[in-house]
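input.cif (mmCIF, C-alpha atoms and all ligand atoms)
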data_target
#
loop_
_atom_site.label_atom_id
_atom_site.label_comp_id
_atom_site.auth_asym_id
_atom_site.auth_seq_id
_atom_site.Cartn_x
_atom_site.Cartn_y
_atom_site.Cartn_z
CA MET A 1110 -97.32 43.54 148.12
CA LYS A 1111 -100.39 41.40 148.69
CA HIS A 1112 -99.90 37.79 147.52
CA PHE A 1113 -101.50 36.44 144.33
CA GLU A 1114 -104.73 34.79 145.47
CA GLY A 1115 -105.05 32.27 142.66
CA ASN A 1116 -103.62 28.78 142.56
CA ILE A 1117 -99.96 28.60 141.55
CA VAL A 1118 -99.00 25.22 140.10
CA THR A 1119 -95.23 25.05 140.29
CA LYS A 1120 -93.34 23.49 137.42
CA LEU A 1121 -90.34 22.91 139.70
CA PRO A 1122 -91.63 21.53 143.00
CA GLN A 1123 -88.21 20.18 144.04
CA THR A 1124 -86.25 23.34 143.24
CA GLY A 1125 -85.06 25.90 145.76
CA THR A 1126 -82.37 28.58 145.50
CA SER A 1127 -79.17 27.38 143.82
CA ILE A 1128 -76.44 26.16 146.17
CA PHE A 1129 -74.01 28.72 144.68
CA ALA A 1130 -76.22 31.62 145.73
CA VAL A 1131 -76.89 30.04 149.13
CA MET A 1132 -73.20 29.53 149.94
CA SER A 1133 -72.07 32.93 148.61
CA GLN A 1134 -74.77 34.63 150.69
CA LEU A 1135 -73.71 32.68 153.78
CA ALA A 1136 -70.07 33.59 153.10
CA THR A 1137 -70.99 37.29 152.93
CA GLU A 1138 -73.09 37.13 156.11
CA HIS A 1139 -70.22 35.55 158.04
CA ASN A 1140 -67.44 37.47 156.32
CA ALA A 1141 -65.88 34.15 155.31
CA VAL A 1142 -63.16 33.49 152.72
CA ASN A 1143 -65.34 32.58 149.77
CA LEU A 1144 -64.16 29.54 147.78
CA SER A 1145 -67.76 28.45 147.14
CA GLN A 1146 -69.35 29.99 144.02
CA GLY A 1147 -67.12 29.70 140.96
CA PHE A 1148 -65.81 33.14 140.06
CA PRO A 1149 -62.36 34.75 140.01
CA ASP A 1150 -61.51 37.37 142.65
CA PHE A 1151 -58.64 38.94 140.68
CA PRO A 1152 -58.85 41.75 138.10
CA ILE A 1153 -59.60 40.95 134.47
CA SER A 1154 -57.45 42.11 131.55
CA ASP A 1155 -57.09 45.86 131.27
CA GLU A 1156 -56.88 45.53 127.51
CA LEU A 1157 -60.26 43.78 127.40
CA ILE A 1158 -61.87 46.53 129.50
CA LYS A 1159 -60.38 49.15 127.18
CA LEU A 1160 -61.79 47.30 124.18
CA VAL A 1161 -65.32 47.34 125.64
CA ASP A 1162 -64.88 51.04 126.39
CA HIS A 1163 -63.63 51.60 122.84
CA PHE A 1164 -66.60 49.88 121.21
CA MET A 1165 -69.09 51.65 123.47
CA ASN A 1166 -67.53 55.01 122.60
CA LYS A 1167 -67.56 54.13 118.91
CA GLY A 1168 -71.34 53.77 119.18
CA TYR A 1169 -71.82 50.00 119.21
CA ASN A 1170 -74.67 50.27 121.67
CA GLN A 1171 -77.74 49.04 119.82
CA TYR A 1172 -79.06 45.53 119.22
CA ALA A 1173 -76.57 43.07 117.81
CA PRO A 1174 -77.72 40.74 115.02
CA MET A 1175 -79.86 37.93 116.47
CA PRO A 1176 -77.23 35.16 115.97
CA GLY A 1177 -74.42 37.37 117.29
CA VAL A 1178 -71.84 39.85 115.97
CA PRO A 1179 -70.35 38.36 112.75
CA GLU A 1180 -66.74 39.16 113.74
CA LEU A 1181 -67.12 37.13 116.93
CA ARG A 1182 -68.69 34.16 115.15
CA LYS A 1183 -65.85 34.28 112.60
CA MET A 1184 -63.23 34.25 115.37
CA LEU A 1185 -64.90 31.26 117.05
CA SER A 1186 -65.01 29.39 113.77
CA GLN A 1187 -61.26 29.98 113.29
CA MET A 1188 -60.52 29.01 116.87
CA PHE A 1189 -62.39 25.68 116.61
CA GLU A 1190 -60.71 24.90 113.30
CA LYS A 1191 -57.29 25.59 114.80
CA ASN A 1192 -57.89 23.81 118.11
CA HIS A 1193 -60.05 20.88 117.00
CA SER A 1194 -59.87 20.75 113.17
CA ALA A 1195 -63.63 21.35 113.23
CA LYS A 1196 -65.31 23.40 110.54
CA TYR A 1197 -68.28 25.49 111.69
CA ASP A 1198 -69.89 27.98 109.30
CA PRO A 1199 -69.97 31.30 111.21
CA ASP A 1200 -73.26 32.30 109.59
CA LYS A 1201 -75.21 29.08 109.90
CA GLU A 1202 -73.63 27.08 112.70
CA ILE A 1203 -72.57 29.48 115.46
CA THR A 1204 -74.79 31.52 117.79
CA ILE A 1205 -73.75 33.93 120.54
CA THR A 1206 -75.70 33.55 123.77
CA ALA A 1207 -76.16 35.35 127.09
CA GLY A 1208 -73.78 32.93 128.81
CA ALA A 1209 -73.81 29.16 128.83
CA THR A 1210 -76.86 29.01 131.12
CA GLN A 1211 -79.07 30.58 128.47
CA ALA A 1212 -77.48 28.37 125.80
CA ILE A 1213 -78.24 25.22 127.83
CA TYR A 1214 -81.81 26.26 128.58
CA THR A 1215 -82.50 27.29 124.99
CA ALA A 1216 -81.04 24.08 123.56
CA ILE A 1217 -83.12 21.93 125.90
CA SER A 1218 -86.21 24.00 125.20
CA ALA A 1219 -85.73 23.72 121.45
CA PHE A 1220 -85.39 19.94 121.41
CA ILE A 1221 -87.12 18.49 124.47
CA SER A 1222 -90.89 18.02 124.64
CA LYS A 1223 -93.24 16.25 127.03
CA GLY A 1224 -92.14 12.69 127.74
CA ASP A 1225 -88.74 12.96 126.03
CA GLU A 1226 -85.91 11.46 128.07
CA VAL A 1227 -82.62 13.20 128.73
CA VAL A 1228 -79.62 11.39 130.21
CA ILE A 1229 -77.64 13.42 132.73
CA PHE A 1230 -74.55 12.34 134.65
CA GLU A 1231 -74.55 12.80 138.42
CA PRO A 1232 -73.08 14.75 140.09
CA ALA A 1233 -74.59 17.24 137.63
CA TYR A 1234 -74.39 21.01 137.18
CA ASP A 1235 -77.51 22.48 138.69
CA SER A 1236 -79.23 23.94 135.62
CA TYR A 1237 -79.57 20.76 133.53
CA ALA A 1238 -82.36 18.87 135.28
CA PRO A 1239 -84.68 21.85 135.96
CA SER A 1240 -84.35 22.97 132.32
CA VAL A 1241 -85.48 19.49 131.22
CA THR A 1242 -88.32 19.38 133.75
CA VAL A 1243 -89.71 22.84 132.85
CA ASN A 1244 -89.96 21.64 129.26
CA GLY A 1245 -91.85 18.46 130.22
CA GLY A 1246 -88.90 16.11 129.71
CA LEU A 1247 -87.86 13.25 131.98
CA VAL A 1248 -84.37 13.06 133.44
CA LYS A 1249 -82.55 9.73 133.50
CA TYR A 1250 -79.61 9.87 135.89
CA ALA A 1251 -76.39 8.02 135.08
CA GLN A 1252 -73.78 7.93 137.84
CA LEU A 1253 -70.19 9.06 137.48
CA GLN A 1254 -68.05 6.65 139.49
CA TYR A 1255 -66.59 7.96 142.74
CA PRO A 1256 -63.76 8.83 143.34
CA ASP A 1257 -62.44 9.51 139.80
CA TYR A 1258 -65.92 10.40 138.47
CA SER A 1259 -65.47 8.37 135.29
CA ILE A 1260 -68.37 7.28 133.07
CA ASN A 1261 -69.76 3.81 133.86
CA TRP A 1262 -69.90 2.25 130.41
CA ASP A 1263 -71.78 -0.81 131.70
CA GLU A 1264 -74.54 1.40 133.04
CA LEU A 1265 -74.88 4.04 130.30
CA PRO A 1266 -76.36 1.81 127.54
CA ARG A 1267 -79.08 0.76 130.01
CA MET A 1268 -80.12 4.40 130.48
CA ILE A 1269 -81.02 4.74 126.82
CA SER A 1270 -84.48 3.96 125.47
CA SER A 1271 -86.49 4.75 122.36
CA ASN A 1272 -87.61 7.94 124.14
CA THR A 1273 -84.06 9.23 124.73
CA LYS A 1274 -83.66 12.51 122.86
CA MET A 1275 -80.57 13.99 124.47
CA ILE A 1276 -77.46 13.14 126.49
CA ILE A 1277 -75.77 15.96 128.38
CA ILE A 1278 -72.02 15.69 128.89
CA ASN A 1279 -69.72 18.15 130.65
CA SER A 1280 -65.94 18.07 130.38
CA PRO A 1281 -63.92 19.42 132.16
CA HIS A 1282 -66.53 18.63 134.75
CA ASN A 1283 -68.14 20.84 137.37
CA PRO A 1284 -68.08 20.06 140.31
CA THR A 1285 -65.51 17.23 140.17
CA GLY A 1286 -62.72 18.44 137.85
CA SER A 1287 -62.74 15.13 135.95
CA VAL A 1288 -62.20 15.12 132.18
CA ILE A 1289 -63.60 12.86 129.48
CA SER A 1290 -61.03 10.88 127.45
CA GLU A 1291 -60.81 10.36 123.70
CA GLU A 1292 -61.86 6.75 124.28
CA ASP A 1293 -64.98 7.92 126.15
CA MET A 1294 -65.96 10.17 123.25
CA LYS A 1295 -65.51 7.33 120.75
CA LYS A 1296 -67.63 5.05 122.92
CA LEU A 1297 -70.33 7.70 123.03
CA GLU A 1298 -70.16 8.08 119.26
CA ASN A 1299 -70.66 4.31 118.88
CA LEU A 1300 -73.42 4.15 121.48
CA ILE A 1301 -75.69 6.66 119.76
CA ARG A 1302 -74.98 5.62 116.18
CA GLY A 1303 -78.26 5.23 114.27
CA ARG A 1304 -80.35 6.82 117.02
CA ASP A 1305 -82.17 10.17 117.12
CA ILE A 1306 -80.13 11.46 120.03
CA ILE A 1307 -78.55 14.90 120.34
CA VAL A 1308 -75.51 15.37 122.56
CA LEU A 1309 -75.41 18.60 124.51
CA SER A 1310 -71.72 19.06 125.28
CA ASP A 1311 -71.14 21.65 128.00
CA GLU A 1312 -67.53 22.71 127.39
CA VAL A 1313 -67.41 25.96 129.36
CA TYR A 1314 -64.07 24.92 130.94
CA GLU A 1315 -62.55 23.97 127.55
CA HIS A 1316 -59.26 25.82 128.19
CA LEU A 1317 -58.99 24.94 131.89
CA ILE A 1318 -57.33 21.56 131.52
CA PHE A 1319 -54.17 20.39 133.25
CA ASP A 1320 -51.15 18.08 133.26
CA GLY A 1321 -50.78 18.01 129.48
CA LYS A 1322 -54.29 16.63 128.89
CA GLN A 1323 -56.12 17.56 125.66
CA HIS A 1324 -59.71 18.82 125.80
CA GLN A 1325 -61.85 16.27 123.94
CA SER A 1326 -64.40 18.63 122.45
CA ALA A 1327 -67.38 16.94 120.77
CA SER A 1328 -66.39 19.04 117.74
CA ARG A 1329 -63.25 16.88 117.26
CA PHE A 1330 -65.25 13.78 116.33
CA PRO A 1331 -67.00 14.40 112.98
CA GLU A 1332 -69.79 11.85 113.45
CA LEU A 1333 -70.46 13.00 117.01
CA ALA A 1334 -70.15 16.68 116.04
CA SER A 1335 -72.93 16.18 113.47
CA LYS A 1336 -75.31 15.43 116.39
CA SER A 1337 -73.83 17.73 119.01
CA ILE A 1338 -74.53 21.13 120.46
CA VAL A 1339 -71.21 22.44 121.78
CA ILE A 1340 -71.55 25.14 124.44
CA GLY A 1341 -68.87 27.57 125.63
CA SER A 1342 -68.63 30.61 127.91
CA PHE A 1343 -66.33 33.63 127.75
CA GLY A 1344 -67.09 34.06 131.45
CA LYS A 1345 -64.66 31.24 132.22
CA THR A 1346 -62.11 31.95 129.50
CA PHE A 1347 -61.66 35.65 130.23
CA HIS A 1348 -62.48 35.67 133.98
CA THR A 1349 -65.62 37.67 133.21
CA THR A 1350 -68.45 35.61 134.74
CA GLY A 1351 -70.52 38.78 135.21
CA TRP A 1352 -70.58 39.54 131.49
CA LYS A 1353 -72.74 36.48 130.75
CA THR A 1354 -71.55 35.94 127.19
CA GLY A 1355 -71.27 32.48 125.67
CA PHE A 1356 -71.76 30.57 122.43
CA VAL A 1357 -73.28 27.55 120.75
CA MET A 1358 -71.74 25.60 117.87
CA ALA A 1359 -73.95 23.05 116.10
CA PRO A 1360 -74.72 21.76 112.59
CA GLU A 1361 -76.92 23.99 110.44
CA ASN A 1362 -80.22 22.16 110.97
CA ILE A 1363 -79.73 22.00 114.74
CA THR A 1364 -78.67 25.67 114.82
CA ALA A 1365 -81.78 26.68 112.85
CA GLU A 1366 -84.04 25.10 115.50
CA PHE A 1367 -81.92 26.52 118.31
CA ARG A 1368 -82.25 30.04 116.89
CA LYS A 1369 -86.03 29.74 116.56
CA VAL A 1370 -86.15 29.59 120.36
CA HIS A 1371 -83.10 31.79 121.03
CA GLN A 1372 -84.73 34.79 119.31
CA PHE A 1373 -87.59 34.67 121.83
CA VAL A 1374 -85.52 33.89 124.91
CA VAL A 1375 -83.02 36.73 124.54
CA PHE A 1376 -83.12 37.83 120.87
CA ALA A 1377 -79.56 39.22 120.93
CA VAL A 1378 -76.63 39.62 123.29
CA ASN A 1379 -74.67 42.64 124.60
CA THR A 1380 -73.18 44.33 121.51
CA PRO A 1381 -69.99 46.12 122.71
CA ILE A 1382 -68.85 43.07 124.69
CA GLN A 1383 -69.21 40.85 121.61
CA HIS A 1384 -67.06 43.24 119.56
CA ALA A 1385 -64.47 43.48 122.33
CA VAL A 1386 -64.24 39.72 122.77
CA ALA A 1387 -63.91 39.24 118.98
CA GLU A 1388 -60.96 41.63 118.94
CA TYR A 1389 -59.40 40.08 122.04
CA LEU A 1390 -59.65 36.54 120.60
CA LYS A 1391 -57.41 37.60 117.71
CA ASN A 1392 -54.45 37.04 120.01
CA PRO A 1393 -54.39 33.33 121.00
CA ASP A 1394 -52.03 34.22 123.88
CA ASN A 1395 -55.13 35.59 125.59
CA TYR A 1396 -56.49 32.08 126.17
CA ILE A 1397 -53.75 29.59 125.32
CA SER A 1398 -51.97 29.84 128.68
CA LEU A 1399 -55.16 29.55 130.73
CA GLY A 1400 -54.53 25.87 131.54
CA SER A 1401 -51.08 26.54 133.01
CA PHE A 1402 -52.36 29.67 134.79
CA TYR A 1403 -55.01 27.64 136.67
CA GLN A 1404 -52.79 24.56 137.06
CA GLU A 1405 -50.39 26.76 139.05
CA LYS A 1406 -53.28 27.86 141.26
CA ARG A 1407 -54.42 24.27 141.77
CA ASP A 1408 -50.88 23.19 142.67
CA TYR A 1409 -50.41 26.14 145.03
CA PHE A 1410 -53.69 25.38 146.82
CA ILE A 1411 -52.92 21.66 147.14
CA SER A 1412 -49.41 22.28 148.46
CA ALA A 1413 -50.68 24.91 150.90
CA ILE A 1414 -53.16 22.42 152.48
CA LYS A 1415 -50.67 19.56 152.61
CA GLY A 1416 -50.44 19.57 156.40
CA SER A 1417 -54.24 19.57 156.80
CA LYS A 1418 -56.65 16.69 157.40
CA PHE A 1419 -58.39 17.38 154.07
CA LYS A 1420 -57.56 14.94 151.24
CA PRO A 1421 -57.57 16.27 147.65
CA LEU A 1422 -59.30 14.17 144.99
CA PRO A 1423 -57.87 14.10 141.43
CA CYS A 1424 -58.51 17.38 139.55
CA ASN A 1425 -57.67 17.41 135.84
CA GLY A 1426 -59.54 20.54 134.81
CA THR A 1427 -61.94 23.41 135.77
CA TYR A 1428 -61.14 25.71 138.69
CA PHE A 1429 -62.62 23.44 141.33
CA GLN A 1430 -60.79 21.18 143.74
CA LEU A 1431 -62.70 18.51 145.68
CA LEU A 1432 -61.48 17.84 149.21
CA ASP A 1433 -62.45 14.78 151.23
CA TYR A 1434 -63.02 15.56 154.91
CA SER A 1435 -63.65 12.02 156.18
CA ASN A 1436 -60.56 12.30 158.46
CA ILE A 1437 -62.36 15.07 160.31
CA SER A 1438 -66.02 14.11 160.35
CA ASP A 1439 -68.66 11.94 158.70
CA GLU A 1440 -71.44 14.48 158.95
CA PRO A 1441 -73.45 15.33 155.80
CA GLU A 1442 -71.79 17.71 153.36
CA MET A 1443 -74.31 20.52 153.78
CA GLU A 1444 -73.83 20.48 157.55
CA MET A 1445 -70.06 20.39 157.21
CA ALA A 1446 -70.10 23.27 154.67
CA THR A 1447 -72.33 25.34 156.95
CA LYS A 1448 -70.09 24.65 159.93
CA LEU A 1449 -66.99 25.67 157.96
CA VAL A 1450 -68.53 29.05 157.20
CA LYS A 1451 -70.02 29.76 160.61
CA GLU A 1452 -67.27 28.38 162.85
CA HIS A 1453 -64.13 28.63 160.72
CA GLY A 1454 -64.81 31.47 158.26
CA ILE A 1455 -64.35 29.55 155.03
CA ALA A 1456 -67.00 28.81 152.39
CA ALA A 1457 -67.04 25.80 150.04
CA VAL A 1458 -69.82 24.08 148.12
CA PRO A 1459 -71.15 20.67 149.23
CA VAL A 1460 -71.25 18.17 146.37
CA SER A 1461 -74.50 16.57 147.60
CA PRO A 1462 -76.84 19.14 145.94
CA PHE A 1463 -75.40 17.99 142.59
CA TYR A 1464 -77.12 14.64 143.28
CA ARG A 1465 -80.86 14.19 143.27
CA THR A 1466 -80.56 11.94 146.31
CA GLN A 1467 -78.16 14.28 148.18
CA ASP A 1468 -75.47 11.53 148.38
CA ASN A 1469 -72.81 11.99 151.05
CA ASN A 1470 -69.22 11.26 150.06
CA CYS A 1471 -67.79 13.67 152.67
CA THR A 1472 -66.55 15.88 149.84
CA LEU A 1473 -66.63 19.64 149.40
CA ARG A 1474 -65.83 21.72 146.31
CA PHE A 1475 -63.35 24.58 146.66
CA CYS A 1476 -62.94 27.17 143.88
CA PHE A 1477 -59.27 28.04 143.33
CA ALA A 1478 -59.89 30.87 140.82
CA LYS A 1479 -58.56 33.23 143.46
CA LYS A 1480 -55.60 35.49 144.18
CA GLU A 1481 -52.69 33.79 145.92
CA SER A 1482 -53.42 35.78 149.10
CA THR A 1483 -57.00 34.43 149.18
CA LEU A 1484 -55.82 30.86 148.63
CA LYS A 1485 -53.16 31.30 151.34
CA GLU A 1486 -55.72 32.58 153.81
CA ALA A 1487 -58.08 29.72 152.95
CA ALA A 1488 -55.33 27.12 153.31
CA GLU A 1489 -54.28 28.47 156.69
CA ILE A 1490 -57.85 28.05 157.94
CA LEU A 1491 -58.12 24.54 156.50
CA CYS A 1492 -54.82 23.53 158.14
CA ARG A 1493 -56.20 24.53 161.54
CA ILE A 1494 -59.32 22.34 161.27
N1 LIG B 1 -72.03 24.97 132.79
C1 LIG B 1 -71.15 24.76 133.78
C2 LIG B 1 -70.60 23.40 133.96
C3 LIG B 1 -70.79 25.80 134.63
O1 LIG B 1 -69.95 25.58 135.62
C4 LIG B 1 -71.36 27.07 134.43
C5 LIG B 1 -71.07 28.27 135.31
N2 LIG B 1 -70.18 28.19 136.19
C6 LIG B 1 -72.25 27.25 133.39
C7 LIG B 1 -72.58 26.17 132.60
C8 LIG B 1 -72.90 28.58 133.15
O2 LIG B 1 -72.05 29.47 132.53
P1 LIG B 1 -72.45 31.00 132.33
O3 LIG B 1 -71.99 31.72 133.54
O4 LIG B 1 -71.72 31.40 131.09
O5 LIG B 1 -73.93 31.05 132.16
N1 LIG B 2 -71.13 27.85 137.77
C1 LIG B 2 -70.71 28.52 138.95
C2 LIG B 2 -70.30 27.50 139.97
O1 LIG B 2 -70.29 26.34 139.70
C3 LIG B 2 -71.79 29.38 139.52
C4 LIG B 2 -72.84 29.82 138.59
C5 LIG B 2 -74.02 30.33 139.33
O2 LIG B 2 -73.89 30.93 140.39
N2 LIG B 2 -75.16 30.08 138.81
O3 LIG B 2 -69.99 27.86 141.06
#

Now that the file is in, can you turn its structure into structure tokens?
Amino acid sequence: MKHFEGNIVTKLPQTGTSIFAVMSQLATEHNAVNLSQGFPDFPISDELIKLVDHFMNKGYNQYAPMPGVPELRKMLSQMFEKNHSAKYDPDKEITITAGATQAIYTAISAFISKGDEVVIFEPAYDSYAPSVTVNGGLVKYAQLQYPDYSINWDELPRMISSNTKMIIINSPHNPTGSVISEEDMKKLENLIRGRDIIVLSDEVYEHLIFDGKQHQSASRFPELASKSIVIGSFGKTFHTTGWKTGFVMAPENITAEFRKVHQFVVFAVNTPIQHAVAEYLKNPDNYISLGSFYQEKRDYFISAIKGSKFKPLPCNGTYFQLLDYSNISDEPEMEMATKLVKEHGIAAVPVSPFYRTQDNNCTLRFCFAKKESTLKEAAEILCRI
């Protein structure tokens, strides 16, 4: 096709293709063991597949209601009440989205206008900053403190100004696996008291938390919950990243604004999958053991690389393990990641693209949401390097 001859003014001059797509593509090209992009390589529940099939065959194939299938919103409301003692009205405070990515974009789009400031913690998931920029907002970067990636409470208050409209938090945290404590959440609650600031709490790894830790959902803290948009994803919870189904929980007035935009971004989300997930959520066993399931995978991966030169950093949640390679090389992370794929046949994600300044801590992210045979193969390669 002939190129457009007019002038294209990009809204995202700094943005290229996401690092997840880049590394997965490289892994495919070099037939490498792929621990880069975060997705499971094992089969999902047969029962869940049968439920989707059932609802499709029963004729649930037309548009769902704009806010989502009522049964699913009801199940989420019950789940949050049980897990966090939080009360969300399924009709007015819960919306089903096409994955967390759409939820994040829509929430930012609904509340951020030109000149508004949004505080983001680095290293940061890749969709936050571009979503702010496209909507004319300004990103203020706070730094999580290497190597435990905790919040710097001396720095954070300095990031806030009269223009701050939103703070984005993410726990359990991608890419580092750190988790926010109860004390952190209380400090955040105190920090924004009396200010017009909304907290966007990305909780897609809510059930993937280890070593007896409790997920500190923003919904657990009534004052904070009244200013928070809590975002979840069934992609993580049910190993179904390709289904792109997620949700947003927020007070009624925030939800009303969110839905104004949501209806024009996606209108409604895949109907039979919503019904199937609602049915599947009725049995808490389908998500309650997720933490121990992934903890076993983390522990297996760490023990399998014990003899290697890679050093694991603490991982309290998510399905990502950071490994420090400073015993092997001090080259930049992107170069090291590329070399691992091309010369050793293993793909990981460099952490540097999660920083605006491409910091180099000699750390790579490995996804352990994989079959034991995949993790074994990966570990054997890593032990040889
Ligand atoms: N937030 C974080 C922190 C993530 O890791 C991901 C995806 N891995 C998302 C949001 C997007 O989730 P979804 O696939 O449901 O859009
Ligand atoms: N969130 C996944 C990861 O961190 C990937 C999502 C994506 O490819 N956009 O690897």

When you draw a straight line from CA of Leu1390 (chain A) to CA of Leu1160 (chain A), how long is it in Å?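 So the two atoms, CA of Leu1390 (chain A) and CA of Leu1160 (chain A), lie 11.5 Å apart.
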
Under the rule that all atoms listed in the file are counted, which of A:Tyr1234, A:Tyr1197, A:Trp1262, A:Phe1356 is the nearest residue to ligand LIG 2 (chain B)? A:Tyr1234

Report as JSON, numbers by chain which protein, DNA and RNA residues come within 9 Å of ligand LIG 1 (chain B), using all atoms listed in the file. {"A": [1146, 1147, 1148, 1206, 1207, 1208, 1209, 1210, 1211, 1212, 1213, 1233, 1234, 1235, 1236, 1237, 1279, 1280, 1281, 1282, 1283, 1284, 1311, 1312, 1313, 1314, 1340, 1341, 1342, 1343, 1344, 1345, 1349, 1350, 1351, 1352, 1353, 1354, 1355, 1356, 1427]}

Nearby residues, (-75.8, 33.4, 120.9) file frame, 12 Å, only C-alpha atoms, as a PyMOL selection string: chain A and resi 1173-1179+1181-1182+1185+1199-1213+1215-1216+1339-1343+1353-1359+1364+1367-1380+1383

Residues near Glu1486 (chain A), cut-off 12 Å, all atoms listed in the file, skip fewer than 6 positions along chain, as number ranges by chain: A: 1141-1144, 1410, 1413-1414, 1453-1456, 1477, 1479-1480, 1492-1493

Choose the residue, out of A:Tyr1214, A:Phe1164, A:Tyr1255, A:Phe1129, that has the smallest atom-to-atom separation from ligand LIG 2 (chain B); count only C-alpha atoms and all ligand atoms.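 Checking each of A:Tyr1214, A:Phe1164, A:Tyr1255, A:Phe1129 against ligand LIG 2 (chain B), counting only C-alpha atoms and all ligand atoms, the winner is A:Phe1129.
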
Need the shell around Gln1404 (chain A): protein/DNA/RNA residues with any atom at most 8 Å away, counting only C-alpha atoms. Skip same-chain ones fewer than 3 positions apart. Format as a VMD selection string? chain A and resid 1318 to 1320 1400 to 1401 1407 to 1408

Would you mind reading off the distance between CA of Phe1189 (chain A) and CA of Asp1305 (chain A), one decimal, in Å?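 Between CA of Phe1189 (chain A) and CA of Asp1305 (chain A) the gap is 25.1 Å.
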
Edge lengths and centre in Å, axis-aligned, ligand LIG 2 (chain B) plus 3 Å each side, as AutoDock Vina command-line options:
--center_x -72.6 --center_y 28.6 --center_z 139.4 --size_x 11.2 --size_y 10.6 --size_z 9.3

Distance query Met1132 (chain A) at most 10 Å, only C-alpha atoms, self and fewer than 4 positions along chain excluded, as JSON, numbers by chain: {"A": [1127, 1128, 1136, 1137, 1138, 1143, 1144, 1145, 1146, 1443, 1446, 1447, 1450, 1456, 1457, 1458, 1459]}

May I ask for the distance between CA of Leu1317 (chain A) and CA of Tyr1389 (chain A), given in Å to one decimal place?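 Going from CA of Leu1317 (chain A) over to CA of Tyr1389 (chain A), I get 18.1 Å.
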
Have a look at A:His1324, A:His1163, A:His1139, A:Lys1249 and name the one nearest to Val1227 (chain A); count only C-alpha atoms. A:Lys1249

Of the residues A:Ile1217, A:Leu1265, A:Ile1306, A:Ala1478, which is the one nearest to ligand LIG 2 (chain B), using only C-alpha atoms and all ligand atoms?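 The shortest atom-to-atom distance to ligand LIG 2 (chain B) comes from A:Ala1478.
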
So, with all atoms listed in the file as the atoms that count, which of A:Ala1219, A:Lys1159, A:Met1275, A:Lys1191 lies closest to Ala1365 (chain A)?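 Looking only at the distances to Ala1365 (chain A), the closest residue turns out to be A:Ala1219.
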